[in-house]
$ cat my_file11.pdb   # PDB, C-alpha atoms
ATOM      1  CA  MET A1033       0.000   0.000   0.000
ATOM      2  CA  THR A1034       1.360   3.421  -0.885
ATOM      3  CA  ASN A1035       0.649   6.669   0.885
ATOM      4  CA  SER A1036       0.016   9.700  -1.295
ATOM      5  CA  LEU A1037       0.161  13.305  -0.130
ATOM      6  CA  MET A1038      -1.573  16.178  -1.899
ATOM      7  CA  GLN A1039       0.310  19.441  -1.650
ATOM      8  CA  VAL A1040      -1.338  22.725  -2.502
ATOM      9  CA  THR A1041       1.030  25.378  -3.760
ATOM     10  CA  ILE A1042      -0.231  28.958  -4.013
ATOM     11  CA  SER A1043       2.107  31.335  -5.767
ATOM     12  CA  PRO A1044       1.677  34.872  -7.070
ATOM     13  CA  GLY A1045       0.748  34.937 -10.745
ATOM     14  CA  LYS A1046       0.832  37.673 -13.315
ATOM     15  CA  VAL A1047      -2.352  39.632 -13.882
ATOM     16  CA  PRO A1048      -3.735  38.400 -17.235
ATOM     17  CA  VAL A1049      -3.806  41.138 -19.866
ATOM     18  CA  ALA A1050      -7.118  39.798 -21.201
ATOM     19  CA  ALA A1051      -8.720  40.268 -17.764
ATOM     20  CA  ILE A1052      -7.454  43.844 -17.615
ATOM     21  CA  VAL A1053      -8.866  44.562 -21.083
ATOM     22  CA  VAL A1054     -12.281  43.062 -20.270
ATOM     23  CA  LEU A1055     -12.478  44.915 -16.949
ATOM     24  CA  GLY A1056     -11.395  48.110 -18.691
ATOM     25  CA  LEU A1057     -14.248  47.715 -21.168
ATOM     26  CA  VAL A1058     -16.744  47.062 -18.355
ATOM     27  CA  PHE A1059     -15.511  50.218 -16.645
ATOM     28  CA  ALA A1060     -15.693  52.414 -19.747
ATOM     29  CA  VAL A1061     -19.067  51.183 -21.030
ATOM     30  CA  GLY A1062     -20.675  51.208 -17.578
ATOM     31  CA  LEU A1063     -19.402  54.678 -16.801
ATOM     32  CA  PHE A1064     -20.633  56.020 -20.136
ATOM     33  CA  ILE A1065     -24.115  54.506 -19.713
ATOM     34  CA  VAL A1066     -24.594  55.788 -16.197
ATOM     35  CA  GLY A1067     -22.745  59.062 -16.383
ATOM     36  CA  PHE A1068     -22.679  60.511 -19.856
ATOM     37  CA  ASP A1069     -25.086  58.962 -22.393
ATOM     38  CA  GLN A1070     -27.449  61.553 -23.877
ATOM     39  CA  GLY A1071     -29.158  59.167 -26.311
ATOM     40  CA  HIS A1072     -26.009  57.944 -28.053
ATOM     41  CA  ILE A1073     -26.419  54.216 -27.392
ATOM     42  CA  PHE A1074     -30.101  53.978 -28.332
ATOM     43  CA  SER A1075     -29.476  56.151 -31.399
ATOM     44  CA  ILE A1076     -27.752  53.112 -32.930
ATOM     45  CA  ALA A1077     -31.181  51.462 -33.147
ATOM     46  CA  PHE A1078     -33.625  54.389 -33.058
ATOM     47  CA  GLY A1079     -31.721  57.166 -34.807
ATOM     48  CA  GLU A1080     -32.150  60.854 -33.987
ATOM     49  CA  GLN A1081     -35.281  60.216 -31.893
ATOM     50  CA  ALA A1082     -33.067  58.679 -29.194
ATOM     51  CA  PHE A1083     -31.432  62.081 -28.603
ATOM     52  CA  GLU A1084     -34.890  63.550 -27.995
ATOM     53  CA  ASP A1085     -36.064  60.758 -25.681
ATOM     54  CA  MET A1086     -32.760  60.385 -23.766
ATOM     55  CA  TYR A1087     -34.134  57.219 -22.176
ATOM     56  CA  LEU A1088     -30.903  56.222 -20.408
ATOM     57  CA  HIS A1089     -30.343  59.793 -19.234
ATOM     58  CA  GLU A1090     -33.798  59.905 -17.667
ATOM     59  CA  LEU A1091     -33.442  56.422 -16.131
ATOM     60  CA  THR A1092     -30.074  57.228 -14.586
ATOM     61  CA  HIS A1093     -30.944  60.881 -13.877
ATOM     62  CA  ASP A1094     -31.113  60.666 -10.085
ATOM     63  CA  MET A1095     -27.902  58.661  -9.890
ATOM     64  CA  ARG A1096     -26.071  61.226 -12.010
ATOM     65  CA  HIS A1097     -26.980  63.975  -9.591
ATOM     66  CA  ALA A1098     -26.352  61.863  -6.496
ATOM     67  CA  ALA A1099     -22.910  60.694  -7.639
ATOM     68  CA  GLY A1100     -21.789  64.132  -8.826
ATOM     69  CA  PHE A1101     -21.939  63.696 -12.600
ATOM     70  CA  PRO A1102     -22.755  66.810 -14.624
ATOM     71  CA  CYS A1103     -26.477  66.871 -15.388
ATOM     72  CA  HIS A1104     -29.199  69.494 -15.605
TER      73      HIS A1104
ATOM     74  CA  MET B 154     -14.490  42.469  -8.652
ATOM     75  CA  LEU B 155     -17.724  42.830 -10.558
ATOM     76  CA  VAL B 156     -19.769  41.188  -7.791
ATOM     77  CA  ALA B 157     -18.137  43.445  -5.222
ATOM     78  CA  GLY B 158     -18.838  46.507  -7.362
ATOM     79  CA  ALA B 159     -22.443  45.572  -8.117
ATOM     80  CA  THR B 160     -23.143  44.849  -4.437
ATOM     81  CA  ALA B 161     -21.491  48.052  -3.232
ATOM     82  CA  GLY B 162     -23.338  49.948  -5.977
ATOM     83  CA  THR B 163     -26.683  48.533  -4.884
ATOM     84  CA  ILE B 164     -25.910  49.542  -1.290
ATOM     85  CA  HIS B 165     -25.075  53.019  -2.606
ATOM     86  CA  GLY B 166     -28.363  53.177  -4.526
ATOM     87  CA  LEU B 167     -30.427  52.100  -1.524
ATOM     88  CA  ALA B 168     -28.593  54.595   0.701
ATOM     89  CA  ASN B 169     -29.337  57.332  -1.828
ATOM     90  CA  LEU B 170     -33.062  56.555  -1.631
ATOM     91  CA  ALA B 171     -32.961  57.625   1.998
ATOM     92  CA  LEU B 172     -30.207  60.254   1.887
ATOM     93  CA  VAL B 173     -30.362  62.081  -1.442
ATOM     94  CA  GLU B 174     -33.804  61.522  -2.929
ATOM     95  CA  PRO B 175     -35.609  63.911  -0.547
ATOM     96  CA  TYR B 176     -33.334  66.702  -1.807
ATOM     97  CA  LEU B 177     -33.855  65.676  -5.441
ATOM     98  CA  ASP B 178     -37.618  65.758  -4.894
ATOM     99  CA  GLY B 179     -37.288  69.224  -3.387
ATOM    100  CA  ALA B 180     -35.240  70.521  -6.316
ATOM    101  CA  ILE B 181     -37.553  68.966  -8.941
ATOM    102  CA  MET B 182     -40.513  70.566  -7.183
ATOM    103  CA  ILE B 183     -38.852  73.926  -7.861
ATOM    104  CA  GLU B 184     -38.583  72.939 -11.534
ATOM    105  CA  ASN B 185     -42.293  72.064 -11.549
ATOM    106  CA  GLN B 186     -43.210  75.456 -10.106
ATOM    107  CA  ALA B 187     -41.136  77.077 -12.860
ATOM    108  CA  LEU B 188     -43.021  75.005 -15.461
ATOM    109  CA  PHE B 189     -46.365  76.160 -14.043
ATOM    110  CA  ALA B 190     -45.227  79.790 -13.903
ATOM    111  CA  SER B 191     -44.025  79.740 -17.502
ATOM    112  CA  GLY B 192     -47.162  77.996 -18.789
ATOM    113  CA  GLN B 193     -45.225  74.953 -20.032
ATOM    114  CA  ALA B 194     -47.314  72.725 -17.751
ATOM    115  CA  GLU B 195     -50.566  73.021 -15.822
ATOM    116  CA  ASP B 196     -51.004  72.310 -12.128
ATOM    117  CA  THR B 197     -53.638  69.595 -12.571
ATOM    118  CA  PRO B 198     -54.322  66.217 -10.899
ATOM    119  CA  GLU B 199     -53.356  64.547 -14.195
ATOM    120  CA  PHE B 200     -49.954  66.266 -14.085
ATOM    121  CA  TRP B 201     -49.285  65.055 -10.556
ATOM    122  CA  THR B 202     -50.420  61.498 -11.307
ATOM    123  CA  GLU B 203     -48.034  61.322 -14.245
ATOM    124  CA  TYR B 204     -45.301  63.038 -12.249
ATOM    125  CA  GLU B 205     -45.536  60.610  -9.321
ATOM    126  CA  SER B 206     -45.403  57.617 -11.655
ATOM    127  CA  TYR B 207     -42.403  59.093 -13.481
ATOM    128  CA  ARG B 208     -40.530  59.816 -10.263
ATOM    129  CA  ILE B 209     -41.064  56.263  -8.985
ATOM    130  CA  TRP B 210     -39.589  55.003 -12.269
ATOM    131  CA  GLN B 211     -36.613  57.357 -11.902
ATOM    132  CA  LYS B 212     -36.014  56.270  -8.310
ATOM    133  CA  GLU B 213     -36.038  52.624  -9.336
ATOM    134  CA  GLY B 214     -33.687  53.607 -12.147
ATOM    135  CA  GLN B 215     -31.429  55.253  -9.599
ATOM    136  CA  VAL B 216     -30.900  51.931  -7.804
ATOM    137  CA  LEU B 217     -30.314  50.117 -11.115
ATOM    138  CA  ALA B 218     -27.911  52.834 -12.257
ATOM    139  CA  SER B 219     -26.079  52.598  -8.937
ATOM    140  CA  ALA B 220     -25.574  48.882  -9.472
ATOM    141  CA  ILE B 221     -24.232  49.533 -13.000
ATOM    142  CA  LEU B 222     -21.985  52.352 -11.793
ATOM    143  CA  GLY B 223     -20.814  50.149  -8.930
ATOM    144  CA  THR B 224     -19.965  47.335 -11.349
ATOM    145  CA  SER B 225     -18.072  49.801 -13.497
ATOM    146  CA  MET B 226     -16.134  51.264 -10.572
ATOM    147  CA  GLY B 227     -15.578  47.771  -9.184
ATOM    148  CA  ALA B 228     -13.885  46.879 -12.480
ATOM    149  CA  LEU B 229     -11.629  49.932 -12.241
ATOM    150  CA  PHE B 230     -10.893  49.281  -8.580
ATOM    151  CA  GLY B 231     -10.117  45.638  -9.371
ATOM    152  CA  ILE B 232      -7.673  46.603 -12.122
ATOM    153  CA  VAL B 233      -5.863  49.086  -9.902
ATOM    154  CA  TYR B 234      -5.860  46.684  -6.965
ATOM    155  CA  ALA B 235      -4.488  43.797  -9.018
ATOM    156  CA  LEU B 236      -1.699  45.978 -10.395
ATOM    157  CA  SER B 237      -0.836  47.750  -7.139
ATOM    158  CA  ARG B 238      -1.499  45.092  -4.487
ATOM    159  CA  ASP B 239       2.171  44.378  -3.818
ATOM    160  CA  ALA B 240       2.890  48.081  -3.427
ATOM    161  CA  LEU B 241       0.167  48.583  -0.819
ATOM    162  CA  PRO B 242       0.973  48.339   2.917
ATOM    163  CA  LYS B 243       1.598  44.813   4.133
ATOM    164  CA  GLY B 244      -1.356  43.026   5.688
ATOM    165  CA  GLY B 245      -4.513  41.237   4.677
ATOM    166  CA  ASP B 246      -6.470  42.100   1.572
ATOM    167  CA  LEU B 247      -9.112  43.902   3.603
ATOM    168  CA  LYS B 248      -6.459  46.288   4.888
ATOM    169  CA  ARG B 249      -4.836  46.734   1.488
ATOM    170  CA  ALA B 250      -8.173  47.249  -0.277
ATOM    171  CA  SER B 251      -9.186  49.797   2.362
ATOM    172  CA  VAL B 252      -5.972  51.778   1.859
ATOM    173  CA  LEU B 253      -6.419  51.785  -1.928
ATOM    174  CA  ALA B 254     -10.105  52.714  -1.635
ATOM    175  CA  ALA B 255      -9.167  55.636   0.621
ATOM    176  CA  ILE B 256      -6.580  56.833  -1.927
ATOM    177  CA  MET B 257      -9.031  56.521  -4.825
ATOM    178  CA  TRP B 258     -11.908  58.088  -2.858
ATOM    179  CA  PHE B 259      -9.641  61.044  -2.146
ATOM    180  CA  SER B 260      -8.113  61.440  -5.604
ATOM    181  CA  VAL B 261     -10.929  60.576  -8.009
ATOM    182  CA  TYR B 262     -13.880  61.665  -5.870
ATOM    183  CA  LEU B 263     -13.170  64.107  -3.043
ATOM    184  CA  VAL B 264     -10.690  66.427  -4.767
ATOM    185  CA  PRO B 265     -12.785  66.649  -7.981
ATOM    186  CA  PHE B 266     -15.885  67.155  -5.788
ATOM    187  CA  LEU B 267     -14.254  70.173  -4.148
ATOM    188  CA  LYS B 268     -13.649  71.732  -7.574
ATOM    189  CA  TYR B 269     -16.856  70.615  -9.290
ATOM    190  CA  PRO B 270     -19.310  69.720  -6.509
ATOM    191  CA  ALA B 271     -22.472  67.736  -7.151
ATOM    192  CA  ASN B 272     -25.514  69.838  -7.958
ATOM    193  CA  PRO B 273     -29.210  68.998  -7.674
ATOM    194  CA  PRO B 274     -31.700  69.405 -10.537
ATOM    195  CA  THR B 275     -32.486  73.033 -11.483
ATOM    196  CA  VAL B 276     -28.742  73.765 -11.378
ATOM    197  CA  GLY B 277     -27.126  73.043 -14.712
ATOM    198  CA  ASP B 278     -27.965  74.140 -18.236
ATOM    199  CA  GLY B 279     -28.541  71.297 -20.705
ATOM    200  CA  GLU B 280     -26.594  73.310 -23.293
ATOM    201  CA  THR B 281     -23.406  73.124 -21.227
ATOM    202  CA  VAL B 282     -23.615  69.507 -20.075
ATOM    203  CA  VAL B 283     -21.036  68.176 -22.569
ATOM    204  CA  LEU B 284     -18.487  70.848 -21.710
ATOM    205  CA  ARG B 285     -19.082  70.313 -17.992
ATOM    206  CA  ALA B 286     -18.579  66.575 -18.481
ATOM    207  CA  VAL B 287     -15.284  67.185 -20.308
ATOM    208  CA  LEU B 288     -14.065  69.492 -17.530
ATOM    209  CA  TYR B 289     -15.111  67.042 -14.815
ATOM    210  CA  LEU B 290     -13.434  64.057 -16.466
ATOM    211  CA  SER B 291     -10.315  66.078 -17.240
ATOM    212  CA  PHE B 292     -10.015  67.112 -13.625
ATOM    213  CA  ILE B 293     -10.462  63.519 -12.445
ATOM    214  CA  ALA B 294      -7.797  62.397 -14.929
ATOM    215  CA  ILE B 295      -5.361  64.991 -13.544
ATOM    216  CA  THR B 296      -5.985  64.139  -9.887
ATOM    217  CA  GLY B 297      -6.125  60.368 -10.520
ATOM    218  CA  PHE B 298      -3.107  59.972 -12.797
ATOM    219  CA  GLY B 299      -1.320  62.530 -10.615
ATOM    220  CA  VAL B 300      -1.346  59.982  -7.802
ATOM    221  CA  VAL B 301       0.178  57.368 -10.126
ATOM    222  CA  GLY B 302       2.873  59.796 -11.262
ATOM    223  CA  PHE B 303       3.824  61.027  -7.821
ATOM    224  CA  TYR B 304       3.802  57.475  -6.469
ATOM    225  CA  GLN B 305       6.655  56.820  -8.892
ATOM    226  CA  VAL B 306       8.447  59.820  -7.393
ATOM    227  CA  TYR B 307       7.715  58.465  -3.886
ATOM    228  CA  ARG B 308       9.304  55.118  -4.804
ATOM    229  CA  ARG B 309      12.430  56.599  -6.319
ATOM    230  CA  VAL B 310      13.461  59.168  -3.718
ATOM    231  CA  ALA B 311      15.189  58.477  -0.413
ATOM    232  CA  LYS B 312      12.925  57.844   2.584
ATOM    233  CA  ASN B 313      13.686  61.173   4.196
ATOM    234  CA  ARG B 314      12.752  63.021   0.987
ATOM    235  CA  ARG B 315       9.393  61.346   0.339
ATOM    236  CA  PHE B 316       7.596  64.508   1.383
ATOM    237  CA  VAL B 317       8.602  65.784  -2.064
ATOM    238  CA  ALA B 318       6.036  63.416  -3.633
ATOM    239  CA  PHE B 319       3.227  64.675  -1.378
ATOM    240  CA  ALA B 320       4.237  68.299  -1.934
ATOM    241  CA  GLY B 321       4.404  67.719  -5.682
ATOM    242  CA  TYR B 322       0.921  66.221  -5.745
ATOM    243  CA  ALA B 323      -0.443  69.092  -3.662
ATOM    244  CA  ALA B 324       1.160  71.556  -6.081
ATOM    245  CA  LEU B 325      -0.340  69.733  -9.081
ATOM    246  CA  VAL B 326      -3.812  69.845  -7.533
ATOM    247  CA  ALA B 327      -3.405  73.518  -6.611
ATOM    248  CA  VAL B 328      -2.384  74.430 -10.168
ATOM    249  CA  ALA B 329      -5.290  72.412 -11.623
ATOM    250  CA  PHE B 330      -7.677  74.141  -9.209
ATOM    251  CA  ALA B 331      -6.385  77.543 -10.266
ATOM    252  CA  LEU B 332      -6.255  76.946 -14.018
ATOM    253  CA  MET B 333      -9.368  74.872 -14.680
ATOM    254  CA  PRO B 334     -12.505  76.951 -15.274
ATOM    255  CA  PRO B 335     -15.099  77.073 -12.487
ATOM    256  CA  ASN B 336     -18.532  75.460 -12.799
ATOM    257  CA  LEU B 337     -20.132  77.108 -15.815
ATOM    258  CA  ASP B 338     -23.670  77.323 -14.472
ATOM    259  CA  GLU B 339     -25.086  79.768 -12.001
ATOM    260  CA  VAL B 340     -26.416  78.281  -8.768
ATOM    261  CA  THR B 341     -29.738  79.896  -7.950
ATOM    262  CA  ILE B 342     -31.417  77.584  -5.437
ATOM    263  CA  GLN B 343     -31.516  78.036  -1.671
ATOM    264  CA  ALA B 344     -28.260  77.388   0.182
ATOM    265  CA  GLU B 345     -29.976  75.030   2.627
ATOM    266  CA  LEU B 346     -31.193  72.717  -0.148
ATOM    267  CA  LEU B 347     -27.873  72.914  -1.987
ATOM    268  CA  ASP B 348     -25.698  72.236   1.074
ATOM    269  CA  GLY B 349     -27.920  69.421   2.333
ATOM    270  CA  PHE B 350     -27.875  67.780  -1.074
ATOM    271  CA  ARG B 351     -24.092  68.016  -1.408
ATOM    272  CA  ILE B 352     -23.444  66.637   2.078
ATOM    273  CA  MET B 353     -25.780  63.676   1.532
ATOM    274  CA  SER B 354     -24.345  63.060  -1.924
ATOM    275  CA  ALA B 355     -20.833  62.900  -0.431
ATOM    276  CA  VAL B 356     -22.022  60.611   2.376
ATOM    277  CA  GLY B 357     -23.587  58.284  -0.205
ATOM    278  CA  VAL B 358     -20.436  58.070  -2.326
ATOM    279  CA  THR B 359     -18.336  57.505   0.800
ATOM    280  CA  ILE B 360     -20.625  54.628   1.778
ATOM    281  CA  PHE B 361     -20.034  53.180  -1.695
ATOM    282  CA  TRP B 362     -16.221  53.291  -1.449
ATOM    283  CA  THR B 363     -16.323  51.831   2.077
ATOM    284  CA  ALA B 364     -18.585  48.975   0.986
ATOM    285  CA  LEU B 365     -16.477  48.336  -2.121
ATOM    286  CA  ALA B 366     -13.270  48.071  -0.089
ATOM    287  CA  ILE B 367     -14.804  45.721   2.483
ATOM    288  CA  ILE B 368     -16.485  43.434  -0.061
ATOM    289  CA  LEU B 369     -13.650  43.288  -2.574
ATOM    290  CA  GLY B 370     -10.988  42.907   0.134
ATOM    291  CA  THR B 371     -12.910  40.063   1.755
ATOM    292  CA  LEU B 372     -13.562  38.287  -1.558
ATOM    293  CA  TRP B 373      -9.936  38.732  -2.683
ATOM    294  CA  GLN B 374      -8.675  37.250   0.564
ATOM    295  CA  ARG B 375     -11.004  34.287   0.091
ATOM    296  CA  PHE B 376     -10.461  33.528  -3.605
ATOM    297  CA  ARG B 377      -7.015  35.019  -4.368
ATOM    298  CA  PRO B 378      -7.680  35.607  -8.099
ATOM    299  CA  ASP B 379      -4.089  36.809  -8.576
ATOM    300  CA  SER B 380      -2.545  33.489  -7.556
ATOM    301  CA  GLU B 381      -1.817  30.258  -9.312
ATOM    302  CA  THR B 382      -2.820  27.204  -7.327
ATOM    303  CA  LYS B 383      -1.111  23.904  -8.051
ATOM    304  CA  LEU B 384      -2.068  20.512  -6.685
ATOM    305  CA  GLU B 385       0.892  18.202  -6.527
ATOM    306  CA  GLN B 386       0.754  14.536  -5.613
ATOM    307  CA  HIS B 387       3.684  12.997  -3.790
TER     308      HIS B 387
END

$ encode --input "my_file11.pdb" --output "C-alpha cells"
Amino acid sequence: MTNSLMQVTISPGKVPVAAIVVLGLVFAVGLFIVGFDQGHIFSIAFGEQAFEDMYLHELTHDMRHAAGFPCH
Amino acid sequence: MLVAGATAGTIHGLANLALVEPYLDGAIMIENQALFASGQAEDTPEFWTEYESYRIWQKEGQVLASAILGTSMGALFGIVYALSRDALPKGGDLKRASVLAAIMWFSVYLVPFLKYPANPPTVGDGETVVLRAVLYLSFIAITGFGVVGFYQVYRRVAKNRRFVAFAGYAALVAVAFALMPPNLDEVTIQAELLDGFRIMSAVGVTIFWTALAIILGTLWQRFRPDSETKLEQH
C-alpha cells in the first residue's frame, strides 16, 4: 500500500492582460451609460429620436446627480 | 471584482433613496413650479399622477444605475488593486483594499468634488452639459493619474525626501484648481437645499467606497484571483 500526499502550492501569478482589457471595457461602457449617455447608445437602433427621448439619461438621472456627474 | 462593485453599488443606490432623494424631490418641485409659472405645464391632478409615476420610475432607475456604476467602478478598482497590491501596505487584503479605496476616494472623488461639486436638478444648463462633463473628467484624470505619477516619485526618492512626492501632488492639484474653469452654471437655489444635497451626496459616495473596499478585500482574501494554485501529488 502506498501513501500519497496532496500538496497545494499557491504562488503569485501575473495579472492576465485579457482580464485587464475586459475589466477596462466594463468600466468604460458602464461609466458612459450611467454618467454621460445623452441618447447615443439607443441612437444606434432608433436614430435621432433617441437624442430627444434620452431614455438612459432619464433612467439614470437621479444617480447622475447623487454621484456628482454633470447633469441638468 | 464585478460582484463586489455591483453589491457596493446597490448599497449606494439604496442609501441614496434615503439620503439624497428627498433633496432631489425638493429641487424637482422647484422645476415644476417654474413650469407652471411659464405655462409649459398646468397644475392639474393629471400632471401630478403622471409626475408621481415618473418619479417612482426614476427612483427605481437610480438603484439600477447605482448597481451599474458600482460594477463599473468595481472593475476599475479591481484593475488598480491587481496591479498595485504588492505596493500597498503589508497586511490582509481587507487592509490593502481599504488603503487603496481611501486613496481613490480622495483622488478621483473628493478632490474633484471640491472643484466641481455635485448639484441637484435646477442647477445646470442642458446646453453646457457636454463641456461640464469634459471638464469634470479632465479634472479627475489629472488628480487620478497625478497619484500614479507622484507614487513613482515616492518610490524613487530616499525615505527622508518622500515629502517631495506629497508636496508635488499638492502643487499639481493647486495648479489644476487655479487653471481649470469654475462650474459654468449659475447656482440659484436656496443654500440650505444645496448644502444638504451636497453633504448627503458625499455621504452616499463615501458609503459606496467603504462597501467596495470591504467586499472586494474580503472576496480577494477568500479567492485570491491573482494566484496560481497547483495541486501536486507525492

$ atom_distance --input "my_file11.pdb" --atom1 "CA of Ala250 in chain B" --atom2 "CA of Ala366 in chain B"
5.2 Å

$ residues_around --input "my_file11.pdb" --residues "Ala1082 in chain A" --least-positions-apart "5" --cutoff "12 Å" --atoms "all atoms listed in the file" --output "PyMOL selection string"
chain A and resi 1069-1077+1087-1090

$ write_last_selection --input "my_file11.pdb" --atoms "C-alpha atoms" --output "PDB file, in the coordinates of the input"
ATOM      1  CA  ASP A1069     -25.086  58.962 -22.393  1.00  0.00           C
ATOM      2  CA  GLN A1070     -27.449  61.553 -23.877  1.00  0.00           C
ATOM      3  CA  GLY A1071     -29.158  59.167 -26.311  1.00  0.00           C
ATOM      4  CA  HIS A1072     -26.009  57.944 -28.053  1.00  0.00           C
ATOM      5  CA  ILE A1073     -26.419  54.216 -27.392  1.00  0.00           C
ATOM      6  CA  PHE A1074     -30.101  53.978 -28.332  1.00  0.00           C
ATOM      7  CA  SER A1075     -29.476  56.151 -31.399  1.00  0.00           C
ATOM      8  CA  ILE A1076     -27.752  53.112 -32.930  1.00  0.00           C
ATOM      9  CA  ALA A1077     -31.181  51.462 -33.147  1.00  0.00           C
ATOM     10  CA  TYR A1087     -34.134  57.219 -22.176  1.00  0.00           C
ATOM     11  CA  LEU A1088     -30.903  56.222 -20.408  1.00  0.00           C
ATOM     12  CA  HIS A1089     -30.343  59.793 -19.234  1.00  0.00           C
ATOM     13  CA  GLU A1090     -33.798  59.905 -17.667  1.00  0.00           C
TER      14      GLU A1090
END

$ residues_around --input "my_file11.pdb" --residues "Ala318 in chain B" --least-positions-apart "5" --cutoff "10 Å" --atoms "all atoms listed in the file" --output "list in words"
Val300, Gly302, Phe303, Tyr304, Gln305, Val306, Tyr307, Arg308, Arg309, Val310, Ala323 and Ala324 of chain B

$ closest_atom_pairs --input "my_file11.pdb" --of "chain B" --to "chain A" --cutoff "8 Å" --atoms "only C-alpha atoms" --output "JSON lines"
{"residue": "B:Gly166", "atom": "CA", "partner": "A:Met1095", "partner_atom": "CA", "distance": 7.7}
{"residue": "B:Asn169", "atom": "CA", "partner": "A:Ala1098", "partner_atom": "CA", "distance": 7.2}
{"residue": "B:Val173", "atom": "CA", "partner": "A:Ala1098", "partner_atom": "CA", "distance": 6.5}
{"residue": "B:Glu174", "atom": "CA", "partner": "A:Asp1094", "partner_atom": "CA", "distance": 7.7}
{"residue": "B:Leu177", "atom": "CA", "partner": "A:Asp1094", "partner_atom": "CA", "distance": 7.4}
{"residue": "B:Trp210", "atom": "CA", "partner": "A:Leu1091", "partner_atom": "CA", "distance": 7.4}
{"residue": "B:Gln211", "atom": "CA", "partner": "A:Leu1091", "partner_atom": "CA", "distance": 5.4}
{"residue": "B:Lys212", "atom": "CA", "partner": "A:Asp1094", "partner_atom": "CA", "distance": 6.8}
{"residue": "B:Gly214", "atom": "CA", "partner": "A:Leu1091", "partner_atom": "CA", "distance": 4.9}
{"residue": "B:Gln215", "atom": "CA", "partner": "A:Met1095", "partner_atom": "CA", "distance": 4.9}
{"residue": "B:Val216", "atom": "CA", "partner": "A:Met1095", "partner_atom": "CA", "distance": 7.7}
{"residue": "B:Leu217", "atom": "CA", "partner": "A:Thr1092", "partner_atom": "CA", "distance": 7.9}
{"residue": "B:Ala218", "atom": "CA", "partner": "A:Thr1092", "partner_atom": "CA", "distance": 5.4}
{"residue": "B:Ser219", "atom": "CA", "partner": "A:Met1095", "partner_atom": "CA", "distance": 6.4}
{"residue": "B:Ile221", "atom": "CA", "partner": "A:Gly1062", "partner_atom": "CA", "distance": 6.0}
{"residue": "B:Leu222", "atom": "CA", "partner": "A:Gly1062", "partner_atom": "CA", "distance": 6.0}
{"residue": "B:Thr224", "atom": "CA", "partner": "A:Gly1062", "partner_atom": "CA", "distance": 7.4}
{"residue": "B:Ser225", "atom": "CA", "partner": "A:Phe1059", "partner_atom": "CA", "distance": 4.1}
{"residue": "B:Met226", "atom": "CA", "partner": "A:Phe1059", "partner_atom": "CA", "distance": 6.2}
{"residue": "B:Gly227", "atom": "CA", "partner": "A:Phe1059", "partner_atom": "CA", "distance": 7.9}
{"residue": "B:Ala228", "atom": "CA", "partner": "A:Leu1055", "partner_atom": "CA", "distance": 5.1}
{"residue": "B:Leu229", "atom": "CA", "partner": "A:Phe1059", "partner_atom": "CA", "distance": 5.9}
{"residue": "B:Gly231", "atom": "CA", "partner": "A:Leu1055", "partner_atom": "CA", "distance": 8.0}
{"residue": "B:Ile232", "atom": "CA", "partner": "A:Ile1052", "partner_atom": "CA", "distance": 6.2}
{"residue": "B:Ala235", "atom": "CA", "partner": "A:Val1047", "partner_atom": "CA", "distance": 6.8}
{"residue": "B:Leu236", "atom": "CA", "partner": "A:Val1047", "partner_atom": "CA", "distance": 7.3}
{"residue": "B:Phe266", "atom": "CA", "partner": "A:Gly1100", "partner_atom": "CA", "distance": 7.3}
{"residue": "B:Pro270", "atom": "CA", "partner": "A:Gly1100", "partner_atom": "CA", "distance": 6.5}
{"residue": "B:Ala271", "atom": "CA", "partner": "A:Gly1100", "partner_atom": "CA", "distance": 4.0}
{"residue": "B:Asn272", "atom": "CA", "partner": "A:His1097", "partner_atom": "CA", "distance": 6.3}
{"residue": "B:Pro273", "atom": "CA", "partner": "A:His1097", "partner_atom": "CA", "distance": 5.8}
{"residue": "B:Pro274", "atom": "CA", "partner": "A:His1104", "partner_atom": "CA", "distance": 5.7}
{"residue": "B:Thr275", "atom": "CA", "partner": "A:His1104", "partner_atom": "CA", "distance": 6.3}
{"residue": "B:Val276", "atom": "CA", "partner": "A:His1104", "partner_atom": "CA", "distance": 6.0}
{"residue": "B:Gly277", "atom": "CA", "partner": "A:His1104", "partner_atom": "CA", "distance": 4.2}
{"residue": "B:Asp278", "atom": "CA", "partner": "A:His1104", "partner_atom": "CA", "distance": 5.5}
{"residue": "B:Gly279", "atom": "CA", "partner": "A:His1104", "partner_atom": "CA", "distance": 5.4}
{"residue": "B:Val282", "atom": "CA", "partner": "A:Cys1103", "partner_atom": "CA", "distance": 6.1}
{"residue": "B:Arg285", "atom": "CA", "partner": "A:Pro1102", "partner_atom": "CA", "distance": 6.1}
{"residue": "B:Ala286", "atom": "CA", "partner": "A:Pro1102", "partner_atom": "CA", "distance": 5.7}
{"residue": "B:Tyr289", "atom": "CA", "partner": "A:Pro1102", "partner_atom": "CA", "distance": 7.6}
{"residue": "B:Ser354", "atom": "CA", "partner": "A:Ala1098", "partner_atom": "CA", "distance": 5.1}
{"residue": "B:Ala355", "atom": "CA", "partner": "A:Ala1099", "partner_atom": "CA", "distance": 7.8}
{"residue": "B:Gly357", "atom": "CA", "partner": "A:Ala1098", "partner_atom": "CA", "distance": 7.7}
{"residue": "B:Val358", "atom": "CA", "partner": "A:Ala1099", "partner_atom": "CA", "distance": 6.4}
{"residue": "B:Asp379", "atom": "CA", "partner": "A:Gly1045", "partner_atom": "CA", "distance": 5.6}
{"residue": "B:Ser380", "atom": "CA", "partner": "A:Pro1044", "partner_atom": "CA", "distance": 4.5}
{"residue": "B:Glu381", "atom": "CA", "partner": "A:Ser1043", "partner_atom": "CA", "distance": 5.4}
{"residue": "B:Thr382", "atom": "CA", "partner": "A:Ile1042", "partner_atom": "CA", "distance": 4.6}
{"residue": "B:Lys383", "atom": "CA", "partner": "A:Thr1041", "partner_atom": "CA", "distance": 5.0}
{"residue": "B:Leu384", "atom": "CA", "partner": "A:Val1040", "partner_atom": "CA", "distance": 4.8}
{"residue": "B:Glu385", "atom": "CA", "partner": "A:Gln1039", "partner_atom": "CA", "distance": 5.1}
{"residue": "B:Gln386", "atom": "CA", "partner": "A:Met1038", "partner_atom": "CA", "distance": 4.7}
{"residue": "B:His387", "atom": "CA", "partner": "A:Leu1037", "partner_atom": "CA", "distance": 5.1}

$ residues_around --input "my_file11.pdb" --residues "Met333 in chain B" --least-positions-apart "5" --cutoff "12 Å" --atoms "all atoms listed in the file" --output "list in words"
Pro265, Lys268, Tyr269, Arg285, Val287, Leu288, Tyr289, Leu290, Ser291, Phe292, Ile293, Ile295, Leu325, Val326, Ala327 and Val328 of chain B
